[in-house]
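Undergrad: my_file.txt is reproduced in full below (compact mmCIF, C-alpha atoms and all ligand atoms).
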```
# COMPACT_ATOMS: atom_id res chain seq x y z
CA VAL A 1 112.64 81.39 81.18
CA ALA A 2 110.78 80.19 84.24
CA SER A 3 107.20 79.09 84.64
CA ILE A 4 106.36 79.78 88.23
CA ALA A 5 103.28 78.74 90.11
CA THR A 6 103.45 81.00 93.17
CA PRO A 7 101.99 84.49 93.24
CA ILE A 8 104.59 87.29 93.27
CA ARG A 9 103.15 90.68 94.16
CA LEU A 10 105.74 93.42 94.37
CA VAL A 11 106.02 97.13 94.96
CA LEU A 12 109.12 98.99 93.79
CA LEU A 13 110.07 102.12 95.70
CA GLY A 14 112.91 104.40 94.74
CA PRO A 15 113.83 107.93 93.77
CA PRO A 16 113.28 109.17 90.23
CA GLY A 17 115.85 107.55 87.98
CA SER A 18 116.75 104.83 90.48
CA GLY A 19 115.86 102.18 87.91
CA LYS A 20 112.36 101.00 88.83
CA GLY A 21 111.41 100.63 85.19
CA THR A 22 114.82 99.20 84.30
CA GLN A 23 114.74 96.52 87.00
CA THR A 24 111.20 95.56 86.00
CA LYS A 25 112.21 95.10 82.36
CA LYS A 26 115.19 92.96 83.38
CA LEU A 27 113.00 90.86 85.65
CA MET A 28 110.46 90.33 82.89
CA ASN A 29 113.19 88.77 80.77
CA LEU A 30 113.33 86.06 83.44
CA ILE A 31 109.61 85.98 84.34
CA PRO A 32 107.56 87.21 81.38
CA GLN A 33 104.25 86.62 83.23
CA PHE A 34 104.78 89.77 85.28
CA ASP A 35 102.24 92.51 84.76
CA HIS A 36 104.23 95.77 84.91
CA ILE A 37 102.08 98.57 86.29
CA SER A 38 103.89 101.92 86.24
CA SER A 39 101.88 104.78 87.68
CA GLY A 40 103.92 107.36 85.76
CA GLU A 41 103.38 105.45 82.52
CA LEU A 42 99.62 105.21 83.14
CA LEU A 43 99.54 108.97 83.68
CA ARG A 44 101.56 109.67 80.54
CA GLN A 45 99.09 107.52 78.58
CA GLN A 46 96.24 109.63 79.98
CA ILE A 47 98.09 112.79 78.94
CA ASN A 48 98.77 111.46 75.43
CA ALA A 49 95.08 110.54 75.09
CA ASN A 50 94.16 114.02 76.36
CA THR A 51 91.64 112.68 78.87
CA LYS A 52 90.28 114.81 81.67
CA LEU A 53 92.56 113.04 84.15
CA GLY A 54 95.47 113.57 81.77
CA GLN A 55 94.77 117.28 81.64
CA ILE A 56 94.78 117.51 85.41
CA ALA A 57 97.83 115.29 85.83
CA SER A 58 99.85 117.17 83.23
CA LYS A 59 100.10 120.28 85.37
CA TYR A 60 101.49 118.36 88.36
CA ILE A 61 103.87 116.25 86.32
CA HIS A 62 105.38 119.29 84.57
CA GLU A 63 106.20 120.74 87.96
CA GLY A 64 107.53 117.47 89.34
CA LYS A 65 104.79 117.35 91.97
CA LEU A 66 102.71 114.36 93.04
CA ILE A 67 99.22 114.26 91.63
CA PRO A 68 96.42 114.09 94.25
CA ASP A 69 96.05 110.77 96.07
CA ASP A 70 92.41 110.18 95.13
CA LEU A 71 93.10 110.47 91.40
CA ILE A 72 96.09 108.17 91.35
CA THR A 73 94.62 105.51 93.64
CA LYS A 74 91.54 105.26 91.45
CA LEU A 75 93.62 104.96 88.30
CA LEU A 76 95.90 102.33 89.81
CA THR A 77 93.34 100.12 91.45
CA ASN A 78 91.19 100.18 88.32
CA ARG A 79 94.19 99.00 86.36
CA LEU A 80 95.24 96.36 88.90
CA PHE A 81 91.79 94.87 89.32
CA ASN A 82 90.56 95.36 85.80
CA PRO A 83 89.16 91.96 84.86
CA LEU A 84 90.65 92.41 81.39
CA SER A 85 94.20 92.86 82.62
CA PRO A 86 96.32 89.72 82.56
CA ASN A 87 96.54 87.73 85.81
CA SER A 88 95.34 90.74 87.79
CA ASN A 89 93.89 88.63 90.52
CA ASN A 90 94.26 84.92 90.22
CA SER A 91 95.95 82.38 92.40
CA ASN A 92 99.35 82.73 90.76
CA SER A 93 99.17 86.41 89.87
CA LYS A 94 102.42 88.23 89.31
CA TRP A 95 102.55 91.98 89.26
CA ILE A 96 104.97 94.81 89.90
CA LEU A 97 103.72 98.18 91.03
CA ASP A 98 106.33 100.70 89.87
CA GLY A 99 105.91 104.16 91.40
CA PHE A 100 102.80 103.41 93.43
CA PRO A 101 102.12 103.82 96.31
CA ARG A 102 104.08 106.97 97.06
CA THR A 103 102.25 108.25 100.14
CA ILE A 104 100.83 106.63 103.27
CA ILE A 105 97.32 107.45 102.07
CA GLN A 106 98.00 105.58 98.83
CA ALA A 107 99.53 102.65 100.73
CA GLU A 108 96.56 102.37 103.07
CA HIS A 109 94.18 102.56 100.16
CA LEU A 110 96.10 99.85 98.34
CA ASP A 111 96.03 97.60 101.41
CA ARG A 112 92.26 98.01 101.73
CA THR A 113 91.72 97.28 98.05
CA LEU A 114 93.96 94.23 98.14
CA LEU A 115 92.07 92.94 101.17
CA GLN A 116 88.72 93.46 99.45
CA ASN A 117 90.03 91.43 96.55
CA GLN A 118 91.36 88.75 98.87
CA THR A 119 94.94 89.29 97.90
CA MET A 120 98.03 90.84 99.45
CA LEU A 121 101.47 92.30 98.89
CA ASP A 122 104.41 89.93 99.18
CA LEU A 123 107.37 92.25 99.02
CA VAL A 124 108.31 95.93 98.83
CA VAL A 125 111.73 96.58 97.35
CA GLU A 126 113.42 99.92 97.85
CA LEU A 127 116.07 100.78 95.26
CA ASN A 128 118.66 102.83 97.06
CA VAL A 129 120.78 104.75 94.56
CA PRO A 130 122.71 107.92 95.49
CA ASP A 131 121.15 111.20 94.33
CA SER A 132 124.49 112.27 92.88
CA ILE A 133 124.26 109.51 90.26
CA ILE A 134 120.71 109.74 89.09
CA LEU A 135 120.62 113.29 87.74
CA GLY A 136 123.02 112.22 84.98
CA ARG A 137 120.72 109.33 84.08
CA ILE A 138 117.72 111.61 83.79
CA GLU A 139 119.59 114.03 81.53
CA GLU A 140 120.45 111.13 79.22
CA ARG A 141 116.99 109.54 79.19
CA TYR A 142 114.81 109.47 76.06
CA ILE A 143 111.48 107.72 75.68
CA HIS A 144 109.22 106.45 72.93
CA PRO A 145 105.94 108.02 74.02
CA SER A 146 103.40 105.65 72.49
CA SER A 147 105.00 102.43 73.82
CA GLY A 148 106.67 103.83 76.94
CA ARG A 149 110.02 102.28 75.95
CA VAL A 150 112.87 103.91 77.82
CA TYR A 151 116.40 104.56 76.56
CA ASN A 152 119.52 106.12 77.93
CA LEU A 153 122.22 107.66 75.74
CA LYS A 154 124.93 105.86 77.73
CA TYR A 155 123.33 102.86 79.43
CA ASN A 156 120.96 101.52 76.79
CA PRO A 157 121.19 103.69 73.68
CA PRO A 158 118.78 103.16 70.78
CA LYS A 159 120.23 101.30 67.80
CA VAL A 160 119.67 104.33 65.57
CA PRO A 161 120.29 107.63 67.38
CA GLY A 162 117.06 109.41 68.25
CA ARG A 163 114.83 106.57 66.97
CA ASP A 164 112.81 103.85 68.68
CA ASP A 165 114.28 100.37 68.08
CA VAL A 166 110.93 98.77 67.23
CA THR A 167 109.02 101.39 65.25
CA GLY A 168 111.78 103.73 64.10
CA GLU A 169 109.72 106.63 65.42
CA ARG A 170 111.32 109.68 66.99
CA LEU A 171 112.32 109.58 70.66
CA VAL A 172 111.52 112.49 72.99
CA LYS A 173 112.47 113.76 76.43
CA ARG A 174 109.98 113.37 79.28
CA VAL A 175 108.50 116.76 80.19
CA ASP A 176 109.61 116.26 83.80
CA ASP A 177 113.21 115.35 82.96
CA THR A 178 114.29 118.98 83.33
CA LEU A 179 116.64 120.12 86.08
CA ALA A 180 113.89 122.09 87.84
CA ALA A 181 111.32 119.30 87.80
CA PHE A 182 113.94 116.72 88.74
CA LYS A 183 114.96 118.73 91.83
CA GLU A 184 111.33 118.90 92.87
CA ARG A 185 110.83 115.15 92.29
CA ILE A 186 113.89 114.27 94.36
CA LYS A 187 112.79 116.60 97.15
CA THR A 188 109.30 115.09 97.16
CA TYR A 189 110.74 111.59 97.22
CA HIS A 190 112.84 112.30 100.28
CA GLU A 191 109.88 113.88 102.06
CA THR A 192 107.57 110.95 101.44
CA ALA A 193 109.83 107.89 101.36
CA ASP A 194 110.70 107.57 105.05
CA PRO A 195 107.14 107.26 106.37
CA LEU A 196 106.33 104.84 103.55
CA LYS A 197 109.36 102.67 104.32
CA GLU A 198 108.42 102.68 107.99
CA TYR A 199 104.87 101.64 107.08
CA TYR A 200 106.09 98.62 105.10
CA ASP A 201 108.87 97.80 107.52
CA LYS A 202 106.25 97.38 110.24
CA GLN A 203 104.41 94.95 107.97
CA GLY A 204 107.67 93.01 107.60
CA VAL A 205 107.72 93.23 103.79
CA LEU A 206 110.40 95.87 103.14
CA SER A 207 113.81 95.06 101.63
CA THR A 208 116.38 97.64 100.55
CA LEU A 209 118.82 97.02 97.70
CA SER A 210 121.70 99.45 97.25
CA GLY A 211 124.06 100.02 94.37
CA GLU A 212 125.36 102.62 91.97
CA THR A 213 124.28 100.83 88.81
CA SER A 214 121.29 98.73 87.79
CA ASP A 215 123.63 95.89 86.87
CA ILE A 216 124.88 95.78 90.45
CA ILE A 217 121.36 95.87 91.91
CA PHE A 218 119.76 93.33 89.58
CA PRO A 219 121.55 90.19 90.86
CA LYS A 220 120.66 91.30 94.39
CA LEU A 221 117.02 91.56 93.36
CA VAL A 222 117.10 88.11 91.81
CA SER A 223 118.63 86.49 94.90
CA LEU A 224 116.08 88.27 97.08
CA LEU A 225 113.26 86.78 94.98
CA ASN A 226 114.91 83.37 94.99
CA SER A 227 115.08 83.28 98.76
CA LYS A 228 111.69 84.89 99.39
CA PHE A 229 109.74 82.76 96.90
CA GLY A 230 111.86 79.60 96.81
CA LEU A 231 112.84 80.14 93.17
CA LYS A 232 115.94 79.19 91.23
CA LEU A 233 116.28 82.10 88.87
CA GLU A 234 119.71 82.72 87.39
CA THR A 235 121.09 86.04 86.21
CA SER A 236 122.82 85.69 82.92
CA SER A 237 122.73 89.41 82.08
P1 LIG A 301 107.27 108.15 87.38
O1 LIG A 301 107.16 107.93 85.94
O2 LIG A 301 106.99 107.05 88.32
P2 LIG A 301 109.76 108.56 88.80
O3 LIG A 301 110.32 109.92 88.96
O4 LIG A 301 109.32 107.89 90.01
O5 LIG A 301 108.72 108.73 87.63
P3 LIG A 301 111.43 107.44 86.85
O6 LIG A 301 112.02 108.79 86.50
O7 LIG A 301 110.52 106.81 85.88
O8 LIG A 301 110.79 107.53 88.27
P4 LIG A 301 112.84 104.96 87.23
O9 LIG A 301 111.75 104.22 86.56
O10 LIG A 301 113.15 104.62 88.64
O11 LIG A 301 112.69 106.52 87.15
O12 LIG A 301 114.17 104.82 86.42
P5 LIG A 301 114.45 104.19 84.95
O13 LIG A 301 113.63 104.84 83.92
O14 LIG A 301 114.49 102.73 85.03
O15 LIG A 301 115.96 104.70 84.77
C1 LIG A 301 116.22 106.08 84.56
C2 LIG A 301 117.19 106.24 83.36
O16 LIG A 301 118.46 105.72 83.73
C3 LIG A 301 116.77 105.48 82.11
O17 LIG A 301 117.16 106.24 80.98
C4 LIG A 301 117.58 104.17 82.20
O18 LIG A 301 117.81 103.62 80.93
C5 LIG A 301 118.86 104.67 82.85
N1 LIG A 301 119.57 103.71 83.69
C6 LIG A 301 119.07 102.72 84.45
N2 LIG A 301 120.04 102.07 85.12
C7 LIG A 301 121.20 102.69 84.79
C8 LIG A 301 122.56 102.51 85.17
O19 LIG A 301 122.93 101.60 85.94
N3 LIG A 301 123.47 103.36 84.64
C9 LIG A 301 123.11 104.35 83.77
N4 LIG A 301 124.07 105.16 83.28
N5 LIG A 301 121.83 104.57 83.39
C10 LIG A 301 120.90 103.76 83.89
O20 LIG A 301 106.35 109.37 87.82
C11 LIG A 301 106.34 110.55 87.06
C12 LIG A 301 105.40 111.56 87.70
O21 LIG A 301 104.06 111.05 87.69
C13 LIG A 301 103.37 111.40 88.88
C14 LIG A 301 104.29 112.38 89.60
O22 LIG A 301 104.03 113.66 89.13
C15 LIG A 301 105.67 111.89 89.16
O23 LIG A 301 106.67 112.88 89.31
N6 LIG A 301 103.12 110.20 89.68
C16 LIG A 301 102.46 110.17 90.85
N7 LIG A 301 101.86 111.13 91.59
C17 LIG A 301 101.31 110.77 92.75
N8 LIG A 301 101.31 109.51 93.21
C18 LIG A 301 101.89 108.50 92.52
N9 LIG A 301 101.90 107.23 92.99
C19 LIG A 301 102.49 108.82 91.27
N10 LIG A 301 103.14 108.09 90.35
C20 LIG A 301 103.52 108.94 89.39
MG MG A 302 109.96 104.86 85.56
```
Go through the file and emit its structure as structure tokens.
TA:
Amino acid sequence: VASIATPIRLVLLGPPGSGKGTQTKKLMNLIPQFDHISSGELLRQQINANTKLGQIASKYIHEGKLIPDDLITKLLTNRLFNPLSPNSNNSNSKWILDGFPRTIIQAEHLDRTLLQNQTMLDLVVELNVPDSIILGRIEERYIHPSSGRVYNLKYNPPKVPGRDDVTGERLVKRVDDTLAAFKERIKTYHETADPLKEYYDKQGVLSTLSGETSDIIFPKLVSLLNSKFGLKLETSS
């Protein structure tokens, strides 16, 4: 496990089920200091807590639609620059934004907020996984709602079927892991991803990693970080 002095500020882009959460978890085994900020997870927490934002978000999420930009940007930047969140903004801060930004408006807002806080993005990684593969993953996904832990019946099954490894509590399906919502999410992704990629490509921070499994992509992600940040991480898994 590495102790690394440089800041590493990442955005993960990729279609639903492409493995944004999975890659983040694998990376945190190598660099535990990462603060994992998943926009979808933050929204699901709001829904579980039945907040006003959660009530609004729930409707969009059920339908597989994006929630309005102003709501999500506020939620995300509050989380990123919350003084209580670990290493949110110090000289060696390490964070991964998973699922945010998803629109140009969100990206521009993020850039402004980073600038105001005298920080910046280092790298945007696009996970490029064929659509044909990811539907199967979504059908096999189960989550533990209170912790956000994610399982897959084939790829990383729970030790006891239907139960969370840590608490033993029951696993559930995500409300948007239905065929109808998935189709909508994929469609939305393809409508919004190209302009976003172009936006980051112009900034010179975009890298695309392709592969049909997370185990193929992960070593590519690690070597990308090694070369970009001058690290010597090794993939053992
Ligand atoms: P989310 O929560 O951001 P999505 O749709 O972007 O949702 P999702 O579904 O969470 O992304 P992921 O994190 O990319 O996918 O993928 P994952 O969970 O790691 O992997 C998927 C499954 O496949 C898991 O079961 C995993 O174990 C398994 N798996 C991984 N790798 C492999 C492999 O190699 N092989 C196999 N067989 N399995 C594997 O957003 C949800 C909603 O919130 C709203 C929107 O409504 C959105 O639809 N939202 C926003 N709205 C507006 N703006 C934003 N910025 C928003 N962010 C969220
Ligand atoms: Mg996810």
Undergrad: Could the residues that lie within 10 Å of ligand MG 302 (chain A), counting only C-alpha atoms and all ligand atoms, be listed as a PyMOL selection string?
TA: chain A and resi 14-24+38-41+98-99+148-150
Undergrad: Box in all listed atoms of stretch 31-49 of chain A, axis-aligned, with 6 Å more on each side; write out centre and edge lengths in Å to one decimal as AutoDock Vina command-line options.
TA:
```
--center_x 102.3 --center_y 99.4 --center_z 81.4 --size_x 26.5 --size_y 38.8 --size_z 24.6
```
Undergrad: At a cut-off of 9 Å, using only C-alpha atoms, what residues contact stretch 67-72 of chain A? Leave out same-chain residues fewer than 2 positions from it and give the result as a count of residues only.
TA: 20
Undergrad: In Å, with one decimal, what is the gap from atom CA of A:Gln118 to atom CA of A:Leu10?
TA: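 Value for the atom CA of A:Gln118-atom CA of A:Leu10 distance: 15.8 Å.
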Undergrad: Using all atoms listed in the file, which residue out of A:Gly54, A:Pro130, A:Gly162, A:Gly136 lies closest to ligand LIG 301 (chain A)?
TA: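 For ligand LIG 301 (chain A), the nearest of the given residues is A:Gly136.
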Undergrad: Nearest residue to A:Val11 out of A:Ser146, A:Ser207, A:Thr167, A:Gln46, using all atoms listed in the file?
TA: A:Ser207
Undergrad: Between A:Ile217, A:Val175, A:Ala5, A:Ile104, which one has atoms that come closest to A:Tyr199, using only C-alpha atoms?
TA: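 Answer, going by the shortest atom-to-atom distance: A:Ile104.
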Undergrad: What gap, in Å, lies between atom CA of A:Phe218 and atom CA of A:Ile96?
TA: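 Between these atoms lies a distance of 14.9 Å.
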Undergrad: Between A:Leu97, A:Ala180, A:Ile4, A:Leu196, which one has atoms that come closest to A:Ile37, using all atoms listed in the file?
TA: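 Under the stated criterion, the closest residue is A:Leu97.
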Undergrad: Using all atoms listed in the file, which of A:Lys232, A:Lys197, A:Lys173, A:Lys159 sits nearest A:Ile143?
TA: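 Closest residue, counting all atoms listed in the file: A:Lys173.
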Undergrad: In the coordinate frame of the file, compute which residues have an atom within 12 Å of (105.6, 98.8, 106.0) when using all atoms listed in the file, and state them as a ChimeraX atom specification.
TA: /A:11,13,101,103-104,107-108,111,121-126,193-207
Undergrad: Could N, CA and C atoms be built for stretch 180-208 of chain A and written out as a compact mmCIF listing (two decimals), in the frame of the given file?
TA:
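Final output, saved to out.txt:
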```txt
# COMPACT_ATOMS: atom_id res chain seq x y z
N ALA A 180 114.81 121.54 86.83
CA ALA A 180 113.89 122.09 87.84
C ALA A 180 112.91 121.03 88.33
N ALA A 181 112.30 120.31 87.40
CA ALA A 181 111.32 119.30 87.80
C ALA A 181 112.01 118.14 88.53
N PHE A 182 113.21 117.81 88.09
CA PHE A 182 113.94 116.72 88.74
C PHE A 182 114.23 117.07 90.21
N LYS A 183 114.67 118.31 90.44
CA LYS A 183 114.96 118.73 91.83
C LYS A 183 113.72 118.60 92.70
N GLU A 184 112.59 118.99 92.13
CA GLU A 184 111.33 118.90 92.87
C GLU A 184 110.96 117.43 93.13
N ARG A 185 111.17 116.58 92.14
CA ARG A 185 110.83 115.15 92.29
C ARG A 185 111.69 114.50 93.37
N ILE A 186 112.97 114.83 93.36
CA ILE A 186 113.89 114.27 94.36
C ILE A 186 113.49 114.74 95.76
N LYS A 187 113.17 116.02 95.86
CA LYS A 187 112.79 116.60 97.15
C LYS A 187 111.52 115.88 97.66
N THR A 188 110.54 115.76 96.79
CA THR A 188 109.30 115.09 97.16
C THR A 188 109.57 113.65 97.60
N TYR A 189 110.45 112.99 96.86
CA TYR A 189 110.74 111.59 97.22
C TYR A 189 111.27 111.52 98.63
N HIS A 190 112.23 112.38 98.95
CA HIS A 190 112.84 112.30 100.28
C HIS A 190 111.86 112.71 101.38
N GLU A 191 110.89 113.52 101.05
CA GLU A 191 109.88 113.88 102.06
C GLU A 191 108.90 112.73 102.32
N THR A 192 108.63 111.95 101.30
CA THR A 192 107.57 110.95 101.44
C THR A 192 108.09 109.53 101.69
N ALA A 193 109.36 109.28 101.35
CA ALA A 193 109.83 107.89 101.36
C ALA A 193 109.95 107.32 102.77
N ASP A 194 110.44 108.13 103.72
CA ASP A 194 110.70 107.57 105.05
C ASP A 194 109.43 107.03 105.72
N PRO A 195 108.36 107.81 105.77
CA PRO A 195 107.14 107.26 106.37
C PRO A 195 106.64 106.00 105.65
N LEU A 196 106.79 105.99 104.33
CA LEU A 196 106.33 104.84 103.55
C LEU A 196 107.17 103.59 103.88
N LYS A 197 108.47 103.81 103.99
CA LYS A 197 109.36 102.67 104.32
C LYS A 197 109.02 102.14 105.71
N GLU A 198 108.77 103.07 106.63
CA GLU A 198 108.42 102.68 107.99
C GLU A 198 107.12 101.85 108.00
N TYR A 199 106.17 102.31 107.19
CA TYR A 199 104.87 101.64 107.08
C TYR A 199 105.07 100.18 106.64
N TYR A 200 105.90 99.98 105.62
CA TYR A 200 106.09 98.62 105.10
C TYR A 200 107.05 97.80 105.96
N ASP A 201 107.97 98.50 106.62
CA ASP A 201 108.87 97.80 107.52
C ASP A 201 108.07 97.16 108.65
N LYS A 202 107.10 97.91 109.17
CA LYS A 202 106.25 97.38 110.24
C LYS A 202 105.47 96.14 109.79
N GLN A 203 105.12 96.12 108.50
CA GLN A 203 104.41 94.95 107.97
C GLN A 203 105.37 93.78 107.70
N GLY A 204 106.67 94.06 107.81
CA GLY A 204 107.67 93.01 107.60
C GLY A 204 107.89 92.65 106.14
N VAL A 205 107.57 93.57 105.21
CA VAL A 205 107.72 93.23 103.79
C VAL A 205 108.79 94.06 103.08
N LEU A 206 109.46 94.95 103.81
CA LEU A 206 110.40 95.87 103.14
C LEU A 206 111.81 95.28 103.01
N SER A 207 112.39 95.37 101.82
CA SER A 207 113.81 95.06 101.63
C SER A 207 114.45 96.20 100.87
N THR A 208 115.67 96.56 101.23
CA THR A 208 116.38 97.64 100.55
C THR A 208 117.57 97.07 99.79
```
